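Pasting entry05.cif here (mmCIF, C-alpha atoms):
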data_data
#
loop_
_atom_site.label_atom_id
_atom_site.label_comp_id
_atom_site.auth_asym_id
_atom_site.auth_seq_id
_atom_site.Cartn_x
_atom_site.Cartn_y
_atom_site.Cartn_z
CA MET G 1 -15.56 73.91 23.63
CA ARG G 2 -14.81 71.33 26.32
CA ARG G 3 -16.57 68.21 25.08
CA TYR G 4 -16.62 64.93 26.98
CA GLN G 5 -17.63 61.53 25.67
CA ILE G 6 -19.45 59.59 28.41
CA ALA G 7 -20.37 55.90 28.21
CA ALA G 8 -23.69 55.36 30.04
CA ILE G 9 -24.47 51.83 31.26
CA PRO G 10 -27.81 51.98 33.13
CA ALA G 11 -27.90 48.16 33.51
CA ASP G 12 -30.37 46.69 36.02
CA GLY G 13 -33.21 47.53 38.40
CA ILE G 14 -33.41 51.22 39.23
CA GLY G 15 -30.21 51.82 37.27
CA PRO G 16 -32.04 53.14 34.17
CA GLU G 17 -34.19 55.43 36.34
CA VAL G 18 -31.31 57.07 38.17
CA ILE G 19 -29.04 57.33 35.14
CA ALA G 20 -31.88 59.09 33.30
CA ALA G 21 -32.09 61.52 36.23
CA GLY G 22 -28.34 62.01 36.18
CA HIS G 23 -28.43 62.70 32.45
CA GLN G 24 -31.01 65.43 33.00
CA ALA G 25 -28.84 67.02 35.70
CA LEU G 26 -25.78 66.95 33.43
CA GLU G 27 -27.80 68.66 30.70
CA ALA G 28 -28.83 71.37 33.18
CA VAL G 29 -25.20 71.86 34.21
CA GLN G 30 -24.14 71.99 30.58
CA ARG G 31 -26.58 74.82 29.89
CA ARG G 32 -25.14 76.85 32.79
CA GLU G 33 -21.45 76.32 32.08
CA ALA G 34 -19.78 78.12 29.18
CA ASP G 35 -18.29 75.93 26.43
CA LEU G 36 -19.12 72.65 28.17
CA GLU G 37 -20.78 69.71 26.47
CA PHE G 38 -21.46 66.08 27.36
CA ASP G 39 -22.16 63.42 24.76
CA LEU G 40 -23.66 60.31 26.38
CA THR G 41 -23.58 57.02 24.49
CA TYR G 42 -25.83 54.35 25.98
CA PHE G 43 -24.98 50.65 26.23
CA ASP G 44 -27.73 48.09 26.92
CA TRP G 45 -25.50 45.70 28.84
CA GLY G 46 -26.71 44.00 32.01
CA SER G 47 -28.97 41.16 33.12
CA ASP G 48 -31.43 41.48 30.23
CA TYR G 49 -28.51 41.39 27.83
CA TYR G 50 -27.27 38.28 29.65
CA LYS G 51 -30.60 36.52 29.27
CA SER G 52 -30.49 37.15 25.53
CA HIS G 53 -26.79 36.61 24.83
CA GLY G 54 -25.43 34.46 27.67
CA MET G 55 -23.03 37.21 28.77
CA MET G 56 -23.41 40.51 30.62
CA MET G 57 -21.55 42.48 27.96
CA PRO G 58 -19.93 41.66 24.60
CA GLU G 59 -16.50 40.09 24.50
CA ASP G 60 -15.11 43.34 23.11
CA GLY G 61 -16.88 45.43 25.75
CA LEU G 62 -13.71 46.91 27.21
CA ALA G 63 -12.45 47.81 23.76
CA GLN G 64 -15.73 49.65 23.09
CA LEU G 65 -15.40 51.62 26.34
CA LYS G 66 -11.71 52.44 26.18
CA ALA G 67 -12.03 55.61 24.07
CA PHE G 68 -14.53 57.31 26.40
CA ASP G 69 -13.59 60.00 28.90
CA ALA G 70 -15.64 58.39 31.69
CA ILE G 71 -18.22 55.69 32.37
CA PHE G 72 -21.54 56.52 34.06
CA PHE G 73 -22.85 53.27 35.57
CA GLY G 74 -26.28 52.54 37.06
CA ALA G 75 -26.55 49.29 39.02
CA VAL G 76 -26.08 45.59 38.44
CA GLY G 77 -28.05 42.64 39.81
CA ALA G 78 -31.31 40.86 39.09
CA PRO G 79 -33.41 38.39 41.08
CA ASP G 80 -33.36 35.79 38.30
CA VAL G 81 -29.60 35.92 37.58
CA PRO G 82 -27.05 34.74 40.18
CA ASP G 83 -25.27 37.68 41.81
CA HIS G 84 -21.80 36.34 41.08
CA VAL G 85 -22.71 36.19 37.39
CA THR G 86 -23.88 39.79 37.24
CA LEU G 87 -20.98 41.18 39.26
CA TRP G 88 -18.19 39.23 37.59
CA GLY G 89 -19.80 39.61 34.18
CA LEU G 90 -19.97 43.41 34.05
CA ARG G 91 -18.85 45.64 36.90
CA LEU G 92 -15.71 43.83 38.05
CA PRO G 93 -14.32 43.22 34.53
CA ILE G 94 -14.54 46.96 33.92
CA CYS G 95 -12.93 47.85 37.26
CA GLN G 96 -10.15 45.30 36.89
CA GLY G 97 -9.73 45.59 33.13
CA PHE G 98 -9.22 49.35 33.39
CA ASP G 99 -7.18 49.06 36.62
CA GLN G 100 -9.55 51.34 38.50
CA TYR G 101 -7.75 50.52 41.70
CA ALA G 102 -9.04 53.40 43.82
CA ASN G 103 -12.68 53.15 44.79
CA VAL G 104 -13.57 56.47 46.41
CA ARG G 105 -16.76 56.79 48.47
CA PRO G 106 -17.41 60.16 50.13
CA THR G 107 -20.02 60.28 52.86
CA LYS G 108 -21.51 63.29 54.60
CA ILE G 109 -24.81 64.31 56.11
CA ILE G 110 -26.59 66.43 53.52
CA PRO G 111 -28.74 69.31 54.81
CA GLY G 112 -32.33 68.10 55.11
CA VAL G 113 -31.36 64.42 55.45
CA ASN G 114 -31.38 63.08 59.00
CA SER G 115 -28.80 60.67 60.32
CA PRO G 116 -30.05 57.80 62.50
CA LEU G 117 -27.24 58.65 64.93
CA HIS G 118 -28.48 60.58 67.95
CA GLY G 119 -27.10 64.10 68.23
CA VAL G 120 -25.22 63.97 64.91
CA SER G 121 -25.95 66.59 62.27
CA VAL G 122 -24.48 68.31 59.22
CA GLY G 123 -20.69 68.59 59.55
CA ASP G 124 -20.37 65.93 62.24
CA LEU G 125 -20.03 63.10 59.73
CA ASP G 126 -17.88 64.01 56.72
CA TRP G 127 -15.75 61.11 55.55
CA VAL G 128 -14.10 59.74 52.44
CA ILE G 129 -13.59 55.98 52.34
CA VAL G 130 -10.86 54.78 49.97
CA ARG G 131 -11.31 51.14 48.98
CA GLU G 132 -8.58 49.07 47.36
CA ASN G 133 -10.42 48.03 44.22
CA SER G 134 -8.21 45.63 42.28
CA GLU G 135 -7.11 42.76 44.51
CA GLY G 136 -7.49 41.69 48.13
CA GLU G 137 -10.48 39.54 48.98
CA TYR G 138 -12.10 40.11 45.57
CA SER G 139 -9.17 38.90 43.50
CA GLY G 140 -11.26 36.13 41.99
CA HIS G 141 -8.78 33.37 42.82
CA GLY G 142 -9.89 30.09 44.32
CA GLY G 143 -12.12 27.26 43.26
CA ARG G 144 -14.46 24.39 44.07
CA ALA G 145 -13.65 20.70 44.28
CA HIS G 146 -15.68 17.53 44.94
CA ARG G 147 -18.94 19.32 44.17
CA GLY G 148 -21.97 17.75 45.82
CA MET G 149 -19.87 15.38 47.90
CA PRO G 150 -19.60 15.48 51.71
CA GLU G 151 -15.96 16.51 51.33
CA GLU G 152 -16.76 19.40 48.96
CA VAL G 153 -14.25 22.25 49.23
CA GLY G 154 -14.53 25.92 48.27
CA THR G 155 -11.54 28.24 48.47
CA GLU G 156 -11.47 32.03 48.15
CA VAL G 157 -7.92 33.34 48.04
CA ALA G 158 -7.25 36.93 49.09
CA ILE G 159 -4.25 38.37 47.29
CA PHE G 160 -2.31 41.38 48.57
CA THR G 161 0.68 42.64 46.61
CA ARG G 162 3.24 45.22 47.64
CA VAL G 163 2.49 47.16 44.47
CA GLY G 164 -1.26 47.10 45.06
CA VAL G 165 -1.13 48.03 48.74
CA THR G 166 1.51 50.72 48.27
CA ARG G 167 -0.34 52.53 45.50
CA ILE G 168 -3.69 52.60 47.30
CA MET G 169 -1.96 53.72 50.51
CA ARG G 170 -0.23 56.59 48.68
CA TYR G 171 -3.54 57.56 47.08
CA ALA G 172 -5.24 57.62 50.49
CA PHE G 173 -2.46 59.63 52.14
CA ARG G 174 -2.51 62.18 49.28
CA LEU G 175 -6.28 62.48 49.59
CA ALA G 176 -6.04 62.95 53.35
CA GLN G 177 -3.31 65.54 52.78
CA SER G 178 -5.66 67.50 50.49
CA ARG G 179 -8.45 67.67 53.07
CA PRO G 180 -8.54 70.27 55.86
CA ARG G 181 -8.07 67.87 58.76
CA LYS G 182 -5.19 65.88 57.17
CA LEU G 183 -6.31 62.80 59.07
CA LEU G 184 -6.21 59.19 57.85
CA THR G 185 -7.41 55.98 59.48
CA VAL G 186 -6.02 52.69 58.14
CA VAL G 187 -8.32 49.70 58.62
CA THR G 188 -7.21 46.04 58.68
CA LYS G 189 -7.78 42.80 60.56
CA SER G 190 -4.13 42.07 61.22
CA ASN G 191 -4.67 40.40 64.59
CA ALA G 192 -6.37 37.43 62.91
CA GLN G 193 -5.11 37.63 59.33
CA ARG G 194 -1.38 37.57 59.95
CA HIS G 195 0.05 37.63 56.44
CA GLY G 196 -1.60 40.00 53.98
CA MET G 197 -3.06 42.21 56.68
CA VAL G 198 0.22 42.52 58.57
CA MET G 199 1.89 43.48 55.30
CA TRP G 200 -0.85 46.09 54.82
CA ASP G 201 -0.02 47.58 58.25
CA GLU G 202 3.71 47.57 57.52
CA ILE G 203 3.30 49.31 54.16
CA ALA G 204 1.01 51.91 55.75
CA ALA G 205 3.80 52.77 58.21
CA GLU G 206 6.33 52.99 55.37
CA VAL G 207 4.16 55.25 53.19
CA ALA G 208 3.31 57.45 56.18
CA GLN G 209 6.94 58.56 56.25
CA GLU G 210 6.33 60.33 52.91
CA PHE G 211 3.50 62.39 54.40
CA PRO G 212 4.73 63.91 57.69
CA ASP G 213 1.89 66.45 57.68
CA VAL G 214 -0.79 63.73 57.76
CA THR G 215 -1.88 62.38 61.13
CA TRP G 216 -2.79 58.70 60.89
CA ASP G 217 -3.94 55.86 63.05
CA LYS G 218 -5.05 52.30 62.47
CA MET G 219 -8.08 50.27 63.51
CA LEU G 220 -9.19 46.68 63.36
CA VAL G 221 -12.25 46.49 61.15
CA ASP G 222 -14.60 45.24 63.87
CA ALA G 223 -13.57 48.05 66.23
CA MET G 224 -13.93 50.47 63.33
CA THR G 225 -17.66 49.76 63.04
CA VAL G 226 -18.04 50.79 66.69
CA ARG G 227 -16.00 53.96 66.18
CA MET G 228 -18.05 54.96 63.13
CA VAL G 229 -21.24 54.73 65.18
CA LYS G 230 -20.02 56.01 68.55
CA ASN G 231 -17.50 58.67 67.54
CA PRO G 232 -18.06 59.76 63.91
CA ARG G 233 -16.39 63.14 64.48
CA SER G 234 -13.06 61.37 65.09
CA LEU G 235 -12.86 60.18 61.48
CA ASP G 236 -12.10 61.88 58.19
CA THR G 237 -10.30 59.88 55.47
CA ILE G 238 -10.37 56.08 55.72
CA VAL G 239 -8.51 53.43 53.72
CA ALA G 240 -9.34 49.75 53.81
CA THR G 241 -9.17 46.53 51.81
CA ASN G 242 -11.59 45.61 49.05
CA LEU G 243 -13.93 43.64 51.32
CA HIS G 244 -13.63 45.75 54.46
CA ALA G 245 -14.21 49.06 52.69
CA ASP G 246 -17.13 47.57 50.75
CA ILE G 247 -18.87 46.78 54.03
CA LEU G 248 -17.82 49.94 55.90
CA SER G 249 -19.00 52.21 53.10
CA ASP G 250 -22.50 50.71 53.24
CA LEU G 251 -22.54 51.36 56.97
CA ALA G 252 -21.32 54.90 56.28
CA GLY G 253 -24.13 55.49 53.79
CA ALA G 254 -26.73 54.26 56.27
CA LEU G 255 -25.30 56.46 59.03
CA ALA G 256 -25.54 59.46 56.70
CA GLY G 257 -29.24 58.78 56.20
CA SER G 258 -29.61 56.37 53.28
CA LEU G 259 -27.70 54.38 50.70
CA GLY G 260 -29.75 56.45 48.26
CA VAL G 261 -27.43 59.41 48.85
CA ALA G 262 -24.10 57.53 48.64
CA PRO G 263 -21.86 57.89 45.55
CA THR G 264 -18.88 55.94 44.23
CA ALA G 265 -15.98 56.64 41.90
CA ASN G 266 -13.84 53.82 40.52
CA ILE G 267 -10.67 55.69 39.62
CA ASP G 268 -7.62 54.92 37.53
CA PRO G 269 -5.40 57.59 39.12
CA GLU G 270 -2.86 57.31 36.31
CA ARG G 271 -5.62 58.14 33.77
CA ARG G 272 -4.58 55.41 31.35
CA PHE G 273 -8.19 54.27 31.06
CA PRO G 274 -11.63 55.78 31.66
CA SER G 275 -12.76 55.83 35.28
CA MET G 276 -16.25 54.65 36.22
CA PHE G 277 -18.80 56.45 38.40
CA GLU G 278 -21.80 54.74 40.02
CA PRO G 279 -24.22 55.23 42.90
CA ILE G 280 -23.64 52.82 45.76
CA HIS G 281 -27.23 51.63 46.27
CA GLY G 282 -27.43 48.69 43.86
CA SER G 283 -30.30 47.60 41.65
CA ALA G 284 -33.06 47.76 44.33
CA PHE G 285 -35.58 45.60 42.48
CA ASP G 286 -38.08 46.05 45.31
CA ILE G 287 -38.71 49.63 44.15
CA THR G 288 -37.92 49.30 40.44
CA GLY G 289 -40.53 51.01 38.30
CA LYS G 290 -42.22 52.77 41.21
CA GLY G 291 -40.62 56.11 40.42
CA ILE G 292 -39.34 56.64 43.96
CA ALA G 293 -35.65 55.77 43.61
CA ASN G 294 -33.47 58.41 45.23
CA PRO G 295 -31.41 60.13 42.50
CA VAL G 296 -29.20 62.05 44.96
CA ALA G 297 -26.47 59.38 44.95
CA THR G 298 -26.39 59.55 41.16
CA PHE G 299 -26.17 63.36 41.20
CA TRP G 300 -23.32 63.20 43.70
CA THR G 301 -21.67 60.51 41.54
CA ALA G 302 -22.03 62.80 38.52
CA SER G 303 -20.37 65.55 40.56
CA GLN G 304 -17.46 63.20 41.28
CA MET G 305 -17.23 62.50 37.55
CA LEU G 306 -17.15 66.21 36.74
CA ASP G 307 -14.45 66.78 39.32
CA HIS G 308 -12.37 63.93 37.89
CA LEU G 309 -12.72 65.46 34.41
CA GLY G 310 -11.35 68.72 35.75
CA GLU G 311 -14.69 70.53 35.77
CA THR G 312 -14.49 71.52 39.42
CA GLY G 313 -16.81 74.52 39.05
CA ALA G 314 -19.51 72.43 37.40
CA ALA G 315 -19.08 69.72 40.05
CA ALA G 316 -19.56 72.26 42.84
CA ARG G 317 -22.58 73.80 41.10
CA LEU G 318 -24.30 70.42 40.90
CA MET G 319 -23.65 69.64 44.58
CA ARG G 320 -24.91 73.07 45.68
CA ALA G 321 -28.14 72.36 43.82
CA VAL G 322 -28.49 68.94 45.43
CA GLU G 323 -27.93 70.31 48.93
CA LYS G 324 -30.39 73.16 48.38
CA VAL G 325 -33.13 70.81 47.16
CA CYS G 326 -32.63 68.42 50.07
CA GLU G 327 -32.57 71.28 52.57
CA ASP G 328 -35.83 72.54 51.04
CA GLY G 329 -37.41 69.18 51.87
CA VAL G 330 -37.77 67.72 48.37
CA LEU G 331 -36.94 64.17 49.41
CA THR G 332 -37.77 60.63 48.30
CA PRO G 333 -39.35 58.15 50.76
CA ASP G 334 -36.05 56.50 51.78
CA VAL G 335 -35.05 59.73 53.53
CA GLY G 336 -38.46 60.57 54.95
CA GLY G 337 -40.06 62.48 52.08
CA ASN G 338 -42.81 61.79 49.58
CA ALA G 339 -41.25 63.15 46.40
CA THR G 340 -40.74 61.02 43.30
CA THR G 341 -37.48 60.52 41.44
CA GLN G 342 -38.67 63.02 38.84
CA ASP G 343 -39.75 65.54 41.48
CA VAL G 344 -36.23 65.60 42.93
CA THR G 345 -34.67 65.68 39.48
CA ASP G 346 -36.84 68.58 38.35
CA ALA G 347 -36.04 70.49 41.54
CA VAL G 348 -32.28 69.96 41.15
CA CYS G 349 -32.36 71.02 37.50
CA GLU G 350 -34.34 74.14 38.44
CA ALA G 351 -31.88 74.95 41.21
CA ILE G 352 -29.05 74.73 38.70
CA ARG G 353 -30.89 76.96 36.25
CA SER G 354 -31.82 79.60 38.81
CA GLU G 355 -28.55 79.84 40.76
CA ASN G 356 -27.15 83.36 40.70
CA ILE G 357 -23.47 82.41 40.51
#

structure tokens encoding of this file:
Amino acid sequence: MRRYQIAAIPADGIGPEVIAAGHQALEAVQRREADLEFDLTYFDWGSDYYKSHGMMMPEDGLAQLKAFDAIFFGAVGAPDVPDHVTLWGLRLPICQGFDQYANVRPTKIIPGVNSPLHGVSVGDLDWVIVRENSEGEYSGHGGRAHRGMPEEVGTEVAIFTRVGVTRIMRYAFRLAQSRPRKLLTVVTKSNAQRHGMVMWDEIAAEVAQEFPDVTWDKMLVDAMTVRMVKNPRSLDTIVATNLHADILSDLAGALAGSLGVAPTANIDPERRFPSMFEPIHGSAFDITGKGIANPVATFWTASQMLDHLGETGAAARLMRAVEKVCEDGVLTPDVGGNATTQDVTDAVCEAIRSENI
């Protein structure tokens, strides 16, 4: 029996709704795969926990999570709690505390989901964005001085280390090497940011020497947004800094049809700690409780989790079910349908149950 212990943190907004959907899909996969079992343990951390305890998770939160095989995360953020409190109180401490330095965000047009790009269809947009997830612009260094005074100062220090840049660059080159096109685009803003970004470019050129079979180019981040919209077929694997990839991956999700179909994996490639898997869409309080949240991103995220755990067959089975359901037109309102979260979930679970292979 292959048994995996999964820590589930639904957290805020639509997080509980989509994690519940993801749990149902994992149960359906489990019933189809021989000797496979998932044990999900739920943690009630998040904004409600903060309002009761003054913190987003307990002080020993990381210690509680460390023994799990993976973390299945919903969304963080609430209208009555400052965003920097929710982010730095839960998600970022897990990412940084477990050195999940590779944030991996695949994007493709799923059959049945229309891209807003004219003339672009399934197969024309199939990317993986690799985001440096441990330092850069989100290092958390800086401060405020002279608060409330005319001379008030706020500093936000971006930190780039040779170790951090080299390891994410090697991860991105290896990933590009594993994909059919063996193509990598390195994104920076080295014309204006002449220290950390220039170092990023230099290290990319150094690491490229280790991967002679990978074709690579580099783009300034502003020009990259144009290329993503105007020439999506020219891209495949993309690596960028913490901030740049955060923004570009939201654009990528929108170009693929909706943030509701975009997944994320926060990976510790050395497997010293559990990796964390979350949909990209955020807490979406405007639709919380309406039963219309798109669970596709969570299903795709669960597929990433399965793949990371070595269950490649189960991961592929789940994604085949998702693509079949979307192609059949069972879609939530964000992608032009009228199905509910549960409608899509039921259809995906049925597709898993009824698949002939």

- What does the PyMOL selection byres ((chain G and resi 317) around 12) select in this file, as JSON, numbers by chain? {"G": [25, 26, 28, 29, 30, 31, 32, 33, 299, 300, 302, 303, 304, 306, 307, 311, 312, 313, 314, 315, 316, 318, 319, 320, 321, 322, 323, 324, 348, 349, 351, 352, 353, 354, 355, 356, 357]}

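Our summary of the geometry notes that CA of Phe98 (chain G) is positioned 14.5 Å from CA of Ser139 (chain G).
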
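Residues with any atom within 9 Å of the point (-12.2, 68.9, 53.9), counting all atoms listed in the file, are G:Asp126, G:Trp127, G:Ala176, G:Ser178, G:Arg179, G:Pro180, G:Arg181, G:Lys182, G:Asp236.
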
Would you put the residues from that selection into a file with C-alpha atoms, as a short mmCIF file (atom, residue, chain, number, x, y, z; two decimals), keeping the file's coordinate frame?
data_model
loop_
_atom_site.label_atom_id
_atom_site.label_comp_id
_atom_site.auth_asym_id
_atom_site.auth_seq_id
_atom_site.Cartn_x
_atom_site.Cartn_y
_atom_site.Cartn_z
CA ASP G 126 -17.88 64.01 56.72
CA TRP G 127 -15.75 61.11 55.55
CA ALA G 176 -6.04 62.95 53.35
CA SER G 178 -5.66 67.50 50.49
CA ARG G 179 -8.45 67.67 53.07
CA PRO G 180 -8.54 70.27 55.86
CA ARG G 181 -8.07 67.87 58.76
CA LYS G 182 -5.19 65.88 57.17
CA ASP G 236 -12.10 61.88 58.19
#

- Query: Could you state the separation of CA of Met276 (chain G) and CA of Asn103 (chain G) in Å, given to one decimal place?
  - Reply: 9.4 Å

Given the PyMOL selection byres ((chain G and resi 195-203) around 9), the residues it picks as a tab-separated table (two decimals) with C-alpha atoms, keeping the file's coordinate frame:
chain	number	residue	atom	x	y	z
G	136	GLY	CA	-7.49	41.69	48.13
G	158	ALA	CA	-7.25	36.93	49.09
G	159	ILE	CA	-4.25	38.37	47.29
G	160	PHE	CA	-2.31	41.38	48.57
G	161	THR	CA	0.68	42.64	46.61
G	162	ARG	CA	3.24	45.22	47.64
G	165	VAL	CA	-1.13	48.03	48.74
G	166	THR	CA	1.51	50.72	48.27
G	169	MET	CA	-1.96	53.72	50.51
G	186	VAL	CA	-6.02	52.69	58.14
G	187	VAL	CA	-8.32	49.70	58.62
G	188	THR	CA	-7.21	46.04	58.68
G	189	LYS	CA	-7.78	42.80	60.56
G	190	SER	CA	-4.13	42.07	61.22
G	191	ASN	CA	-4.67	40.40	64.59
G	192	ALA	CA	-6.37	37.43	62.91
G	193	GLN	CA	-5.11	37.63	59.33
G	194	ARG	CA	-1.38	37.57	59.95
G	204	ALA	CA	1.01	51.91	55.75
G	205	ALA	CA	3.80	52.77	58.21
G	206	GLU	CA	6.33	52.99	55.37
G	207	VAL	CA	4.16	55.25	53.19
G	208	ALA	CA	3.31	57.45	56.18
G	218	LYS	CA	-5.05	52.30	62.47
G	241	THR	CA	-9.17	46.53	51.81

- Query: What residues come out when you apply the PyMOL selection byres ((chain G and resi 9) around 9) to this file, written as a ChimeraX atom specification?
  - Reply: /G:7-8,10-11,15-16,19,41-46,71-75

- Query: Nearest to Val120 (chain G) among G:Ala256, G:Ile14, G:Ala63, G:Ile287, with distances taken over all atoms listed in the file: which residue is it?
  - Reply: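 The closest residue to Val120 (chain G) is G:Ala256.
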
- Record the distance separating CA of Thr332 (chain G) and CA of Leu251 (chain G), expressed in Å with one decimal.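 Answer for the CA of Thr332 (chain G) to CA of Leu251 (chain G) separation: 19.8 Å.
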
- Query: Between G:Lys290, G:Lys230, G:His281, G:Arg167, which is the closest to Thr340 (chain G) once you count all atoms listed in the file?
  - Reply: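 The answer is G:Lys290, which sits nearest to Thr340 (chain G).
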
- Task: Rank nothing, just name the residue among G:Met56, G:Ala70, G:Val104, G:Ala252 nearest to Thr86 (chain G), using all atoms listed in the file.
- Result: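 Once distances to Thr86 (chain G) are computed over all atoms listed in the file, the minimum belongs to G:Met56.
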
- Item | Contact residues around Ile267 (chain G) with all atoms listed in the file at 10 Å, ignoring same-chain residues under 6 positions, as a PyMOL selection string | chain G and resi 70+95+98-104+133+273-277+305+308

Taking all atoms of region 107-125 of chain G that the file lists, what box with edges along x, y and z, padded by 5 Å per side, do you get, with centre and edge lengths in Å to one decimal, as AutoDock Vina command-line options?
--center_x -26.2 --center_y 63.6 --center_z 60.5 --size_x 22.3 --size_y 21.5 --size_z 25.4

- Point (-27.7, 64.5, 58.5), cut-off 9 Å, counting only C-alpha atoms, residues as an MDAnalysis selection string: chainID G and resid 108:117 120:125 255:257

Could you add the missing atoms to region 295-307 of chain G, up to N, CA and C atoms, and return them as a compact mmCIF listing (two decimals), in the frame of the given file?
# COMPACT_ATOMS: atom_id res chain seq x y z
N PRO G 295 -32.44 59.82 43.49
CA PRO G 295 -31.41 60.13 42.50
C PRO G 295 -30.21 60.89 43.08
N VAL G 296 -30.25 61.22 44.37
CA VAL G 296 -29.20 62.05 44.96
C VAL G 296 -27.83 61.38 44.84
N ALA G 297 -27.76 60.07 45.08
CA ALA G 297 -26.47 59.38 44.95
C ALA G 297 -25.93 59.50 43.53
N THR G 298 -26.82 59.43 42.56
CA THR G 298 -26.39 59.55 41.16
C THR G 298 -25.93 60.97 40.85
N PHE G 299 -26.62 61.97 41.39
CA PHE G 299 -26.17 63.36 41.20
C PHE G 299 -24.79 63.58 41.82
N TRP G 300 -24.61 63.05 43.03
CA TRP G 300 -23.32 63.20 43.70
C TRP G 300 -22.24 62.45 42.91
N THR G 301 -22.59 61.26 42.39
CA THR G 301 -21.67 60.51 41.54
C THR G 301 -21.30 61.31 40.30
N ALA G 302 -22.29 61.96 39.69
CA ALA G 302 -22.03 62.80 38.52
C ALA G 302 -21.10 63.95 38.89
N SER G 303 -21.27 64.49 40.09
CA SER G 303 -20.37 65.55 40.56
C SER G 303 -18.94 65.03 40.70
N GLN G 304 -18.79 63.82 41.22
CA GLN G 304 -17.46 63.20 41.28
C GLN G 304 -16.86 63.06 39.88
N MET G 305 -17.69 62.66 38.93
CA MET G 305 -17.23 62.50 37.55
C MET G 305 -16.76 63.83 36.98
N LEU G 306 -17.53 64.88 37.21
CA LEU G 306 -17.15 66.21 36.74
C LEU G 306 -15.83 66.65 37.36
N ASP G 307 -15.68 66.41 38.64
CA ASP G 307 -14.45 66.78 39.32
C ASP G 307 -13.26 66.03 38.73
